[in-house]
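So the structure is just underneath, and the comments pick up after that.
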Amino acid sequence: LAALGIGLVAGVLVYLIAPLWAAIVVGVLVVAPPTIGAFAATHRHLRIDGTVVTVSGVLRSRSVDLRQLAGVELLVRVARVSQVVLRVNDGNHGLVTIPLALYAGEGARELDVLALRTLANALAASELAPAAAISSVLVEQLRAEARDAGLVERPLYRAIVLARDAGRVPQTTLTDHEVASLIE
């Protein structure tokens with residue numbers, strides 16, 4: 001809506017000094033990119049069926065079977081709104097990013113309990129040691145949520161603190177040792 005308002009104002013201003021067709025072109029050029037970006041961002045869906053994670057967007061979809069992982073990483077983005085993300089790939093063309101949690105100040109938005117449990121179970125089915133470690137982190141996160149623990153007691157929030165304290169900002173991938181330290 002903001003892009004629409006800015007495009008309208010830009011179009012009117014151009015119309016004051018140029019022909020109508022030029023004003024329309026300028027208005028469309030201002031409105032189109034943010035509108036298309038917003039549309040694409042809101043039409044992204046994440047689905048977990050058994051051990052298969054599928055991310056579908058406006059134009060394509062990607063799937064990764066978590067039993068046959070080639071790589072799994074826990075990424076942390078530290079900013080005013082910090083984020084913990086799980087990135088999995090199957091070694092072929094499947095690379096899926098799964099947002100696990102967002103933290104802003106004292107507020108938090110974490111993946112729901114059922115999705116976390118399903119994801120933890122699917123990662124546990126993998127033969128990769130890092131997948132098993134991340135599965136343990138997710139199980140510990142579930143336990144913290146079940147007892148309504150504060151943010152500092154939640155492993156995903158501790159990942160943000162760990163990256164911030166280490167000075168690895170704005171984005172870092174946690175090492176296997178750091179992932180293991182989240183549940184100790």
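Chain lettering (A, B, ...) mirrors the order of the structure tokens, residue numbering begins at 1 for each chain separately, and ligand numbering begins at 1 in order of display.
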Using DSSP on the backbone coordinates, identify the residues of chain A assigned to strand (DSSP E or B); present them as a count of residues only. 47
Residues of range 59-107 of chain A that approach range 165-182 of chain A to 8 Å or less, counting only C-alpha atoms: could you list each one with the shortest pair of atoms and its distance in Å to one decimal, rows by chain and increasing residue number, as a Markdown table?
| residue | atom | partner | partner_atom | distance |
| --- | --- | --- | --- | --- |
| A:Glu73 | CA | A:Thr173 | CA | 6.6 |
| A:Leu74 | CA | A:Leu174 | CA | 5.7 |
| A:Leu75 | CA | A:Thr173 | CA | 4.4 |
| A:Val76 | CA | A:Thr172 | CA | 5.4 |
| A:Arg77 | CA | A:Gln171 | CA | 4.3 |
| A:Val78 | CA | A:Pro170 | CA | 4.9 |
| A:Ala79 | CA | A:Pro170 | CA | 6.3 |
9 Å contact set for range 22-26 of chain A, only C-alpha atoms, chain neighbours under 6 positions out, as a short mmCIF file (atom, residue, chain, number, x, y, z; two decimals) with N, CA and C atoms, in the first residue's frame:
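Dumped to out.cif:
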data_model
loop_
_atom_site.label_atom_id
_atom_site.label_comp_id
_atom_site.auth_asym_id
_atom_site.auth_seq_id
_atom_site.Cartn_x
_atom_site.Cartn_y
_atom_site.Cartn_z
N GLY A 7 3.86 5.64 -5.55
CA GLY A 7 3.72 5.62 -7.01
C GLY A 7 2.69 6.63 -7.50
N LEU A 8 1.60 6.76 -6.75
CA LEU A 8 0.56 7.73 -7.11
C LEU A 8 1.10 9.16 -7.01
N ALA A 10 4.27 10.10 -7.14
CA ALA A 10 5.27 10.28 -8.18
C ALA A 10 4.61 10.51 -9.53
N GLY A 11 3.56 9.76 -9.81
CA GLY A 11 2.83 9.93 -11.07
C GLY A 11 2.20 11.30 -11.19
N VAL A 12 1.61 11.80 -10.12
CA VAL A 12 0.99 13.14 -10.14
C VAL A 12 2.05 14.21 -10.34
N LEU A 13 3.17 14.08 -9.65
CA LEU A 13 4.26 15.06 -9.80
C LEU A 13 4.80 15.08 -11.23
N VAL A 14 4.96 13.91 -11.82
CA VAL A 14 5.44 13.85 -13.21
C VAL A 14 4.38 14.41 -14.14
N TYR A 15 3.11 14.18 -13.86
CA TYR A 15 2.02 14.69 -14.70
C TYR A 15 2.00 16.22 -14.73
N LEU A 16 2.49 16.86 -13.67
CA LEU A 16 2.53 18.32 -13.64
C LEU A 16 3.52 18.88 -14.65
#
Just the residues within 12 Å of Pro34 in chain A, please, counting only C-alpha atoms, with nothing from its chain fewer than 5 positions along; format it as an MDAnalysis selection string. chainID A and resid 1:7 28:29 39:41
Can you tell me which residues surround Thr54 in chain A at a distance of at most 10 Å, considering only C-alpha atoms, apart from same-chain residues fewer than 6 positions away, and format the answer as a list in words?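 Result of the neighbour search: His45, Leu46, Arg47, Ile48, Ser61, Arg62, Ser63, Val64, Asp65, Gly94, Leu95, Val96, Thr97 and Ile98 of chain A.
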Using DSSP secondary structure from the backbone, list all alpha helix (DSSP H) positions within chain A, as a count of residues only. 86
Fewer than 6 positions away in the same chain doesn't count, so skip those; otherwise give me all residues within 12 Å of Arg143 in chain A, counting only C-alpha atoms, as a PDB file with C-alpha atoms, in the first residue's frame.
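Below you can see out-v9.pdb, which holds the result:
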ATOM      1  CA  VAL A 113       5.409 -26.912  18.661  1.00  0.00           C
ATOM      2  CA  LEU A 116       9.301 -28.290  15.658  1.00  0.00           C
ATOM      3  CA  ARG A 117       8.515 -31.852  16.775  1.00  0.00           C
ATOM      4  CA  SER A 136      18.545 -32.519  19.958  1.00  0.00           C
ATOM      5  CA  VAL A 137      18.552 -28.711  20.007  1.00  0.00           C
ATOM      6  CA  ALA A 149      10.959 -21.051  30.104  1.00  0.00           C
ATOM      7  CA  GLY A 150      12.273 -17.555  29.570  1.00  0.00           C
ATOM      8  CA  GLU A 153      16.699 -20.767  28.703  1.00  0.00           C
ATOM      9  CA  ARG A 154      15.712 -21.489  25.099  1.00  0.00           C
ATOM     10  CA  PRO A 155      18.415 -23.002  22.865  1.00  0.00           C
ATOM     11  CA  ILE A 183      21.954 -27.964  24.863  1.00  0.00           C
TER      12      ILE A 183
END
State, in Å with one decimal place, the distance from CA of Val152 in chain A to CA of Pro99 in chain A. 19.2 Å
Select, from A:Val72, A:Arg147, A:Tyr103, A:Ala163, the residue with the minimum atom-to-atom distance to Ala133 in chain A, counting only C-alpha atoms.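 Counting only C-alpha atoms, the residue closest to Ala133 in chain A is A:Val72.
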Of the candidates A:Ser135, A:Gln68, A:Thr35, A:Ser126, which shows the shortest atom-to-atom distance to Leu86 in chain A, using only C-alpha atoms?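 Smallest distance to Leu86 in chain A is found for A:Ser135.
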